[in-house]
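What follows is a short report on a single structure.
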2 protein chains.
Amino acid sequence: MTSLRKDRRLDAVPLADVSIDDSFWNDRLETNREITLEHQYDQLGDRCLRNFERVRDGKTGGFRGMWFEDSDAYKWLEAASYVLATHDDPELKARVDEVIELVAAAQDENGYLNTYFTLEEPDARWTNLYMMHELYCAGHLIEAAVAHHRATGEDSLLEVATRFADHIDDVFGTDEDDLDGVPGHEGIELALVELSRVTDEQRYLDLAQYFVDRRGREHSRLQWETAHPDETGGDVPPDIFLEDGEWDGSYAQAHEPIRAQETVEGHSVRAMYLYSGVASLVAETGDDELYETLETLWTNMTTKRMYVTGGIGPESAHEGFTVDYDLRNRTAYAETCAAIGSVFWNHRMFRLTGESRFYDVLERSLYNGVLAGVSLDGTEFFYENPLESLGHHHRKGWFECACCPPNVARLFASLGAYVYAQSASDDIYVNLYVGGEADLDVDGQSVTLTQETDYPWGESTSIEMETESPVETALHVRVPPWCENATVRLNGDALDVEPEDGYVVVDRTWADGDSVTLDFSLPVTLVAAHPDVPDDADRVAFQRGPLVYCVEETDLDDAAPSHLRIDPAGDVETNRRDDLLDGVVTLETVARASTTENWEGQLYRSYDETAGESREAAVVAVPYYGWDNREQGRMRVWLPTV
Amino acid sequence: MTSLRKDRRLDAVPLADVSIDDSFWNDRLETNREITLEHQYDQLGDRCLRNFERVRDGKTGGFRGMWFEDSDAYKWLEAASYVLATHDDPELKARVDEVIELVAAAQDENGYLNTYFTLEEPDARWTNLYMMHELYCAGHLIEAAVAHHRATGEDSLLEVATRFADHIDDVFGTDEDDLDGVPGHEGIELALVELSRVTDEQRYLDLAQYFVDRRGREHSRLQWETAHPDETGGDVPPDIFLEDGEWDGSYAQAHEPIRAQETVEGHSVRAMYLYSGVASLVAETGDDELYETLETLWTNMTTKRMYVTGGIGPESAHEGFTVDYDLRNRTAYAETCAAIGSVFWNHRMFRLTGESRFYDVLERSLYNGVLAGVSLDGTEFFYENPLESLGHHHRKGWFECACCPPNVARLFASLGAYVYAQSASDDIYVNLYVGGEADLDVDGQSVTLTQETDYPWGESTSIEMETESPVETALHVRVPPWCENATVRLNGDALDVEPEDGYVVVDRTWADGDSVTLDFSLPVTLVAAHPDVPDDADRVAFQRGPLVYCVEETDLDDAAPSHLRIDPAGDVETNRRDDLLDGVVTLETVARASTTENWEGQLYRSYDETAGESREAAVVAVPYYGWDNREQGRMRVWLPTV
């Protein structure tokens, strides 16, 4: 366990300064821009934008969709803004401006902005913080505004967001006239920190601190509301905040003050957004105690409550965490948004510390739990990401509660911001092996890094430095734990440098054209889970590089994944298959397969009778992210051993 | 697959003619009578009986509890009546009479009886069949009335029930003035058949037939109601009958006519009550087509959708069935009431056919899925019966929706009725090894059977015949599939008779004092599940006799059940332990146990690294029914093999 090291705080190299050109990601990101974003925009029209239009036109009633439908527009605006930061797209720009105009036109004189309450319950504003999501929507508005401002330099949406933030700042607080409450769904905390950064306004930071510190205190507004549902707006019953009729705030991490919390609890997306906000706050305030809380929570999550895919939150009933080692596979909820939230949080934890372990989790989540969330063609989405299926779980085009698709879109569109970072002393960090260019400022000098890699399939990455005149800096290249035997070449010649704490560091004066190549191996690993995880006991999962693999029924010859037993001593062949799933490396081995021949009409038999009823079966494992993109069928990540 | 054999229809030897005196059941049944029933009565007072009082006193409003709270009184009355059938208990009798008086006083002039609607929504009667359970409560009233009449010969409750049944008969039907609908929660069908039997009234049978045949037709009343929730009473939203906003009646087995159904679907208690009702109906009508439907459904359930404990319905969200081979263990719902419902159904299937396979399922459910539902002391109950626990699942004293405890009580109180049966030709069937006496009529002659056994621990049962003069009859003694090497002795001498179709048959002229002894072995079986059940792949469960075993953390030395791997070739010792769990036979073996020593701070490691990290561990397995009666901890039924 390490402490917050204030001298090591880092900044991401901004999205606008990174262009991705990568054999793995190009197609996904293009699909995200061209298909997913368009698909999402189409979904907005009939419900979300129509609500804004009705408010603009002074109408009442007729609200469509979920009560937090506004957030769909904001998430789309945020994703579109990230695209505009990296791509010149006048058509998209015009569409963004149109939506911003519509959003602005729906804002109240006093800054308030929420189409559900304005259309349906204008007198009930701020009466139901536990579930009606006004602050959550405000958070997404602010995030979109910050992204839009950073991408375009324009203030059109930022003005809307600051007016709403100012209104919220007026309404909330601990003074006698203030409403003293916190959001039932977090998100505004991290947004307010970003807003304070782009506006340089301390009061937004203070408001974020207020929302963080007031959460979980006794006799809170949330608690009061759940005891007085008749006095709250909306019609969502408070059941989820009640346990045997008594207040239980854990669903929204409001069961005790954050500083007292030691385990990740409740709705997992809420938790990730909260912890991300706390980490952002700590970056500004250097609050050691809050940082220690984050360390404790992170350790609990990553050592007891996280799937091998980086997915989190096993339980569907409250979309969240349950108890240590509950990592049920087939009924895993593991919401796509929660894995995305984990990426947000881990990115911030890295920036607080410069420690690679946060990127190990981030990369695991990104390449598995998140990437599985969207189909290869970019138009269908998983909300839940089980690690096993009986063949009945499939992606859908959209959801009534459509939080996941736009969340994937905004993460993918901002992927560039996750690749590089710089420390206060301008050390350069390469955290993901993603090809492309990054423009950096090192000691006031422009430097361009060009990364070339075939990761996650190939076993090397090269970084070339373009600089007008020699520049002195330490280049930290992350070596994930799954990249073994890493060796470094400088301009082609072996360099005697070993990875330390997850990085190889090449600290020198760099001339134009200098290049560092990292060679490593990506062996196939059979992963075992902690013996306290009952669902994975005596089972293994295939992993190669950051990718967790699964077995799909369509790749088996007359067998189901549940029939297989893997021989841990067996050879596993890797095959580059460009024809499969837009190009993957498959893992192929021979396993034992139970047969169902003698089972006709029987569900249970004596184990003795079944002995010998097995055969050899060729197994082709494919990356988990690619499952359910072909013929539908059964799937399994964790397989028993012979 | 066999067809309904009309010549083999059997009657249970009635409860009143069977007295149980059995080393295994005596304590459980006494606890049921003395503790559970009393405990339940105490629970009735504050909510259920108070509702009846308010109606009696002409009050309005103030209804307490669930909208089907009335059924708690009826279930208690039914259980208490069963006790009165077998035990002389004037105090209980007086209390039963009091409750009956209260129920009768709450009945409307026209026969209607439901305290929720009468107190809260008198104008909304019969407007919400999909969820407001008026017909379900009526069913329980009728069942209680039949039990009370059979036990006491009195008509006090039967009159109430028949008046309500007559009213229902007036209201429902296919004529123009009739309400044409079926209950959203079945139960009244089987009750009406019983009512027709005790009253000899065809119209109750016709009404049962109507409710069975009208279920699942298109454009039904249920479908109409869910599309018009504003026009229905109560405030339960119709969501559970909607799939993506469209009608889906499968929750209540109303997705298609019963004759078209091929898989067990929806809420599992509803399903069991419906199939029980259909079986009762078939017993009266001999409808071959309906019987074939039951066979198809039974085969689907018992070969693809039933836990090794006899539990059914894995999913909590709709308390019911999902898809073939979905037998998740730790998150199994497997409601106690559903296992009880399966007992009801299988009892009826046996009586239609005389086939032992139905008792194999009944016995499995009874000794595992049902028996686990109540604590050894009779005061705490499981609603859900998972086959694995991380240590957080425990019995509770009562539930807001308290269907399970009284259901256990009424089953236990009527256990005697499940032991013996007689065919039309007066053949005698001994279906359960439960000690005690039964008075039978064979060809007009009184015969008393006395069964002595130490089952499920001991390996024999003896049946002695008391008869004034010799009587000719075939005695069919069931030999469950887990009782191996069964041999028969007649008056101590070996008899050359082999079990056939699950029975040994001794057909002879019996003299007073003749006895048949069945000796068998109860070997420990390691059970394997069908390879298509992913949760049990490569795992085994211990079974001895009808009892499925589990491993509880409290019996392990510094290990959790999930650490264990069983050696299928290892010796398993059986130990009679009178000090444990009110006396059990434990199964003891030595297993391999993973250690958690090198896992500190890690959730996933390379399988290679973990190789060799295991030790020998002594394992004590206890009957599943007895789990969570001692120190709380982790539990597991299915264990991986070495």
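Chain labels run A, B, ... following the order of the structure tokens; each chain numbers its residues from 1, and ligands are numbered from 1 in the order shown.
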Discussion item. Using only C-alpha atoms, which protein or nucleic acid residues come within 10 Å of Asp507 in chain A? Drop anything in the same chain fewer than 2 positions from it, and give the result as a PyMOL selection string.
Written reply: chain A and resi 427-428+472-476+504-505+509-510
Keeping only all heavy atoms, write those residues as a PDB file, in the first residue's frame.
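To be explicit, this is the file written out as out32.pdb:
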ATOM      1  N   ASP A 427       8.391  14.172 -17.393  1.00  0.00           N
ATOM      2  CA  ASP A 427       8.643  12.778 -17.754  1.00  0.00           C
ATOM      3  C   ASP A 427       7.474  12.297 -18.614  1.00  0.00           C
ATOM      4  O   ASP A 427       6.316  12.704 -18.400  1.00  0.00           O
ATOM      5  CB  ASP A 427       8.698  11.892 -16.494  1.00  0.00           C
ATOM      6  CG  ASP A 427      10.070  11.946 -15.823  1.00  0.00           C
ATOM      7  OD1 ASP A 427      10.859  12.873 -16.134  1.00  0.00           O
ATOM      8  OD2 ASP A 427      10.338  11.079 -14.985  1.00  0.00           O
ATOM      9  N   ILE A 428       7.805  11.442 -19.553  1.00  0.00           N
ATOM     10  CA  ILE A 428       6.756  10.948 -20.452  1.00  0.00           C
ATOM     11  C   ILE A 428       6.380   9.519 -20.058  1.00  0.00           C
ATOM     12  O   ILE A 428       7.252   8.683 -19.815  1.00  0.00           O
ATOM     13  CB  ILE A 428       7.243  10.957 -21.917  1.00  0.00           C
ATOM     14  CG1 ILE A 428       7.626  12.382 -22.340  1.00  0.00           C
ATOM     15  CG2 ILE A 428       6.178  10.385 -22.848  1.00  0.00           C
ATOM     16  CD1 ILE A 428       8.370  12.443 -23.669  1.00  0.00           C
ATOM     17  N   GLU A 472      16.009  16.431 -23.165  1.00  0.00           N
ATOM     18  CA  GLU A 472      16.308  15.492 -22.090  1.00  0.00           C
ATOM     19  C   GLU A 472      15.030  15.132 -21.356  1.00  0.00           C
ATOM     20  O   GLU A 472      14.336  16.022 -20.832  1.00  0.00           O
ATOM     21  CB  GLU A 472      17.302  16.162 -21.121  1.00  0.00           C
ATOM     22  CG  GLU A 472      18.119  15.159 -20.338  1.00  0.00           C
ATOM     23  CD  GLU A 472      19.014  15.854 -19.326  1.00  0.00           C
ATOM     24  OE1 GLU A 472      19.711  16.816 -19.714  1.00  0.00           O
ATOM     25  OE2 GLU A 472      18.966  15.456 -18.160  1.00  0.00           O
ATOM     26  N   THR A 473      14.726  13.890 -21.320  1.00  0.00           N
ATOM     27  CA  THR A 473      13.547  13.468 -20.552  1.00  0.00           C
ATOM     28  C   THR A 473      13.609  11.965 -20.306  1.00  0.00           C
ATOM     29  O   THR A 473      14.337  11.248 -21.000  1.00  0.00           O
ATOM     30  CB  THR A 473      12.221  13.827 -21.270  1.00  0.00           C
ATOM     31  OG1 THR A 473      11.127  13.559 -20.409  1.00  0.00           O
ATOM     32  CG2 THR A 473      12.052  13.018 -22.557  1.00  0.00           C
ATOM     33  N   ALA A 474      12.851  11.557 -19.287  1.00  0.00           N
ATOM     34  CA  ALA A 474      12.751  10.115 -18.999  1.00  0.00           C
ATOM     35  C   ALA A 474      11.485   9.588 -19.651  1.00  0.00           C
ATOM     36  O   ALA A 474      10.394  10.104 -19.395  1.00  0.00           O
ATOM     37  CB  ALA A 474      12.714   9.881 -17.496  1.00  0.00           C
ATOM     38  N   LEU A 475      11.659   8.588 -20.507  1.00  0.00           N
ATOM     39  CA  LEU A 475      10.511   7.942 -21.139  1.00  0.00           C
ATOM     40  C   LEU A 475      10.170   6.686 -20.333  1.00  0.00           C
ATOM     41  O   LEU A 475      11.005   5.789 -20.201  1.00  0.00           O
ATOM     42  CB  LEU A 475      10.871   7.570 -22.581  1.00  0.00           C
ATOM     43  CG  LEU A 475       9.776   6.900 -23.403  1.00  0.00           C
ATOM     44  CD1 LEU A 475       8.678   7.887 -23.774  1.00  0.00           C
ATOM     45  CD2 LEU A 475      10.373   6.275 -24.677  1.00  0.00           C
ATOM     46  N   HIS A 476       8.968   6.680 -19.760  1.00  0.00           N
ATOM     47  CA  HIS A 476       8.518   5.524 -18.976  1.00  0.00           C
ATOM     48  C   HIS A 476       7.567   4.708 -19.852  1.00  0.00           C
ATOM     49  O   HIS A 476       6.488   5.193 -20.194  1.00  0.00           O
ATOM     50  CB  HIS A 476       7.760   5.962 -17.719  1.00  0.00           C
ATOM     51  CG  HIS A 476       8.541   6.849 -16.798  1.00  0.00           C
ATOM     52  ND1 HIS A 476       8.805   6.509 -15.487  1.00  0.00           N
ATOM     53  CD2 HIS A 476       9.113   8.075 -16.987  1.00  0.00           C
ATOM     54  CE1 HIS A 476       9.485   7.495 -14.914  1.00  0.00           C
ATOM     55  NE2 HIS A 476       9.689   8.454 -15.795  1.00  0.00           N
ATOM     56  N   VAL A 504       9.599   0.307 -17.888  1.00  0.00           N
ATOM     57  CA  VAL A 504      11.002   0.469 -18.240  1.00  0.00           C
ATOM     58  C   VAL A 504      11.203   1.967 -18.432  1.00  0.00           C
ATOM     59  O   VAL A 504      10.355   2.652 -19.023  1.00  0.00           O
ATOM     60  CB  VAL A 504      11.425  -0.293 -19.520  1.00  0.00           C
ATOM     61  CG1 VAL A 504      11.424  -1.781 -19.274  1.00  0.00           C
ATOM     62  CG2 VAL A 504      10.546   0.066 -20.698  1.00  0.00           C
ATOM     63  N   VAL A 505      12.293   2.455 -17.907  1.00  0.00           N
ATOM     64  CA  VAL A 505      12.531   3.898 -17.969  1.00  0.00           C
ATOM     65  C   VAL A 505      13.803   4.131 -18.775  1.00  0.00           C
ATOM     66  O   VAL A 505      14.864   3.560 -18.476  1.00  0.00           O
ATOM     67  CB  VAL A 505      12.690   4.494 -16.556  1.00  0.00           C
ATOM     68  CG1 VAL A 505      12.875   6.010 -16.638  1.00  0.00           C
ATOM     69  CG2 VAL A 505      11.482   4.134 -15.698  1.00  0.00           C
ATOM     70  N   THR A 509      19.132  12.025 -23.204  1.00  0.00           N
ATOM     71  CA  THR A 509      18.888  13.131 -24.127  1.00  0.00           C
ATOM     72  C   THR A 509      18.525  12.536 -25.474  1.00  0.00           C
ATOM     73  O   THR A 509      19.260  11.707 -26.016  1.00  0.00           O
ATOM     74  CB  THR A 509      20.145  14.010 -24.251  1.00  0.00           C
ATOM     75  OG1 THR A 509      20.507  14.459 -22.948  1.00  0.00           O
ATOM     76  CG2 THR A 509      19.868  15.204 -25.156  1.00  0.00           C
ATOM     77  N   TRP A 510      17.342  12.940 -25.958  1.00  0.00           N
ATOM     78  CA  TRP A 510      16.786  12.316 -27.157  1.00  0.00           C
ATOM     79  C   TRP A 510      17.046  13.202 -28.373  1.00  0.00           C
ATOM     80  O   TRP A 510      16.772  14.406 -28.343  1.00  0.00           O
ATOM     81  CB  TRP A 510      15.283  12.115 -27.002  1.00  0.00           C
ATOM     82  CG  TRP A 510      14.913  11.252 -25.837  1.00  0.00           C
ATOM     83  CD1 TRP A 510      14.809  11.633 -24.545  1.00  0.00           C
ATOM     84  CD2 TRP A 510      14.620   9.872 -25.875  1.00  0.00           C
ATOM     85  NE1 TRP A 510      14.468  10.590 -23.742  1.00  0.00           N
ATOM     86  CE2 TRP A 510      14.330   9.466 -24.548  1.00  0.00           C
ATOM     87  CE3 TRP A 510      14.576   8.906 -26.897  1.00  0.00           C
ATOM     88  CZ2 TRP A 510      14.013   8.151 -24.223  1.00  0.00           C
ATOM     89  CZ3 TRP A 510      14.238   7.618 -26.564  1.00  0.00           C
ATOM     90  CH2 TRP A 510      13.973   7.240 -25.234  1.00  0.00           C
TER      91      TRP A 510
END
Practice prompt. Give the residues of chain B that lie within 7 Å of chain A; count only C-alpha atoms, and format the answer as a ChimeraX atom specification.
Written response: /B:303-304,525-534,537-538,562-563,594,596,599,601-607,640
Fill in: Contact residues around range 76-92 of chain A with only C-alpha atoms at 8 Å, ignoring same-chain residues under 3 positions, as a ChimeraX atom specification
/A:15-19,33,37,40-41,72-73,95-96,99,143-145,147-148,150-152,406,409-411,413-414
Item to complete: Run DSSP on the backbone and grab whatever in range 387-443 of chain A lands in helix (DSSP H, G or I); send it over as an MDAnalysis selection string.
Response: chainID A and resid 404:413 415:418
Writer output for current selection, N, CA, C and O atoms, as a PDB file, in the first residue's frame:
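Output (part18.pdb):
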ATOM      1  N   CYS A 404     -25.615   2.522 -21.238  1.00  0.00           N
ATOM      2  CA  CYS A 404     -24.354   1.911 -21.657  1.00  0.00           C
ATOM      3  C   CYS A 404     -23.872   2.340 -23.045  1.00  0.00           C
ATOM      4  O   CYS A 404     -22.698   2.705 -23.190  1.00  0.00           O
ATOM      5  N   PRO A 405     -24.728   2.303 -24.085  1.00  0.00           N
ATOM      6  CA  PRO A 405     -24.204   2.631 -25.418  1.00  0.00           C
ATOM      7  C   PRO A 405     -23.500   3.996 -25.477  1.00  0.00           C
ATOM      8  O   PRO A 405     -22.373   4.068 -25.966  1.00  0.00           O
ATOM      9  N   PRO A 406     -24.099   5.075 -24.984  1.00  0.00           N
ATOM     10  CA  PRO A 406     -23.397   6.357 -25.065  1.00  0.00           C
ATOM     11  C   PRO A 406     -22.152   6.407 -24.185  1.00  0.00           C
ATOM     12  O   PRO A 406     -21.229   7.170 -24.466  1.00  0.00           O
ATOM     13  N   ASN A 407     -22.130   5.592 -23.153  1.00  0.00           N
ATOM     14  CA  ASN A 407     -20.953   5.556 -22.291  1.00  0.00           C
ATOM     15  C   ASN A 407     -19.783   4.915 -23.026  1.00  0.00           C
ATOM     16  O   ASN A 407     -18.647   5.381 -22.921  1.00  0.00           O
ATOM     17  N   VAL A 408     -20.061   3.844 -23.779  1.00  0.00           N
ATOM     18  CA  VAL A 408     -19.021   3.237 -24.614  1.00  0.00           C
ATOM     19  C   VAL A 408     -18.542   4.272 -25.629  1.00  0.00           C
ATOM     20  O   VAL A 408     -17.341   4.455 -25.829  1.00  0.00           O
ATOM     21  N   ALA A 409     -19.496   4.953 -26.236  1.00  0.00           N
ATOM     22  CA  ALA A 409     -19.143   5.911 -27.294  1.00  0.00           C
ATOM     23  C   ALA A 409     -18.223   7.000 -26.760  1.00  0.00           C
ATOM     24  O   ALA A 409     -17.242   7.371 -27.392  1.00  0.00           O
ATOM     25  N   ARG A 410     -18.531   7.514 -25.561  1.00  0.00           N
ATOM     26  CA  ARG A 410     -17.693   8.606 -25.076  1.00  0.00           C
ATOM     27  C   ARG A 410     -16.314   8.110 -24.649  1.00  0.00           C
ATOM     28  O   ARG A 410     -15.322   8.813 -24.790  1.00  0.00           O
ATOM     29  N   LEU A 411     -16.250   6.887 -24.153  1.00  0.00           N
ATOM     30  CA  LEU A 411     -14.936   6.361 -23.792  1.00  0.00           C
ATOM     31  C   LEU A 411     -14.089   6.121 -25.043  1.00  0.00           C
ATOM     32  O   LEU A 411     -12.929   6.532 -25.110  1.00  0.00           O
ATOM     33  N   PHE A 412     -14.667   5.471 -26.036  1.00  0.00           N
ATOM     34  CA  PHE A 412     -13.902   5.174 -27.259  1.00  0.00           C
ATOM     35  C   PHE A 412     -13.458   6.477 -27.936  1.00  0.00           C
ATOM     36  O   PHE A 412     -12.334   6.579 -28.417  1.00  0.00           O
ATOM     37  N   ALA A 413     -14.358   7.445 -27.978  1.00  0.00           N
ATOM     38  CA  ALA A 413     -14.022   8.692 -28.659  1.00  0.00           C
ATOM     39  C   ALA A 413     -12.909   9.446 -27.937  1.00  0.00           C
ATOM     40  O   ALA A 413     -12.238  10.290 -28.522  1.00  0.00           O
ATOM     41  N   LEU A 415     -10.402   7.799 -26.305  1.00  0.00           N
ATOM     42  CA  LEU A 415      -9.374   6.810 -25.993  1.00  0.00           C
ATOM     43  C   LEU A 415      -7.967   7.400 -26.024  1.00  0.00           C
ATOM     44  O   LEU A 415      -7.104   7.037 -25.217  1.00  0.00           O
ATOM     45  N   GLY A 416      -7.749   8.333 -26.958  1.00  0.00           N
ATOM     46  CA  GLY A 416      -6.427   8.935 -27.080  1.00  0.00           C
ATOM     47  C   GLY A 416      -5.910   9.515 -25.774  1.00  0.00           C
ATOM     48  O   GLY A 416      -4.700   9.492 -25.498  1.00  0.00           O
ATOM     49  N   ALA A 417      -6.814   9.996 -24.946  1.00  0.00           N
ATOM     50  CA  ALA A 417      -6.396  10.646 -23.698  1.00  0.00           C
ATOM     51  C   ALA A 417      -5.889   9.646 -22.662  1.00  0.00           C
ATOM     52  O   ALA A 417      -5.362  10.040 -21.619  1.00  0.00           O
ATOM     53  N   TYR A 418      -6.066   8.356 -22.944  1.00  0.00           N
ATOM     54  CA  TYR A 418      -5.637   7.344 -21.985  1.00  0.00           C
ATOM     55  C   TYR A 418      -4.255   6.765 -22.319  1.00  0.00           C
ATOM     56  O   TYR A 418      -3.729   5.960 -21.567  1.00  0.00           O
TER      57      TYR A 418
END
Discussion item. Applying 10 Å and only C-alpha atoms, which residues near range 218-223 of chain B remain after dropping the ones on its own chain fewer than 4 positions away? List them as a PyMOL selection string.
Written reply: chain B and resi 127-131+179-184+214+227-228+238+241-242+246-249+252+254-257
Discussion item. What parts of range 206-376 of chain A does DSSP call strand (DSSP E)? I'd like the answer as an MDAnalysis selection string.
Written reply: chainID A and resid 242:243 246:247
Generate a file of the selected residues that holds C-alpha atoms, formatted as a CSV table (one decimal), in the first residue's frame.
chain,number,residue,atom,x,y,z
A,242,LEU,CA,-34.7,0.3,2.4
A,243,GLU,CA,-33.7,-2.9,4.0
A,246,GLU,CA,-35.2,0.6,7.5
A,247,TRP,CA,-33.0,3.2,5.8
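With CA of Glu159 in chain A on one side and CA of Val198 in chain A on the other, the separation reads 11.8 Å.
The residue that comes closest to Phe68 in chain B, out of B:Phe172, B:Gly234, B:Pro122, B:Tyr210 and on the basis of only C-alpha atoms, is B:Gly234.
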Fill in: All residues 8 Å or closer to Gly62 in chain A, only C-alpha atoms, same chain fewer than 6 positions away omitted, as a PyMOL selection string
chain A and resi 51+119-120
File dump, residues just selected, C-alpha atoms, as a compact mmCIF listing (two decimals), in the first residue's frame:
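Saved the output as selection_11.txt:
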# COMPACT_ATOMS: atom_id res chain seq x y z
CA ASN A 51 -38.40 16.66 -24.46
CA LEU A 119 -42.57 19.30 -18.22
CA GLU A 120 -44.12 17.05 -15.63
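With only C-alpha atoms taken into account, the protein and nucleic acid residues at most 10 Å from Trp67 in chain A (excluding it and anything under 6 positions from it in its own chain) are Asn114, Thr115, Tyr116, Phe117, Glu120, Met131, Met132, His133, Glu134, Cys137, Gly234, Asp235, Val236 and Cys401 of chain A.
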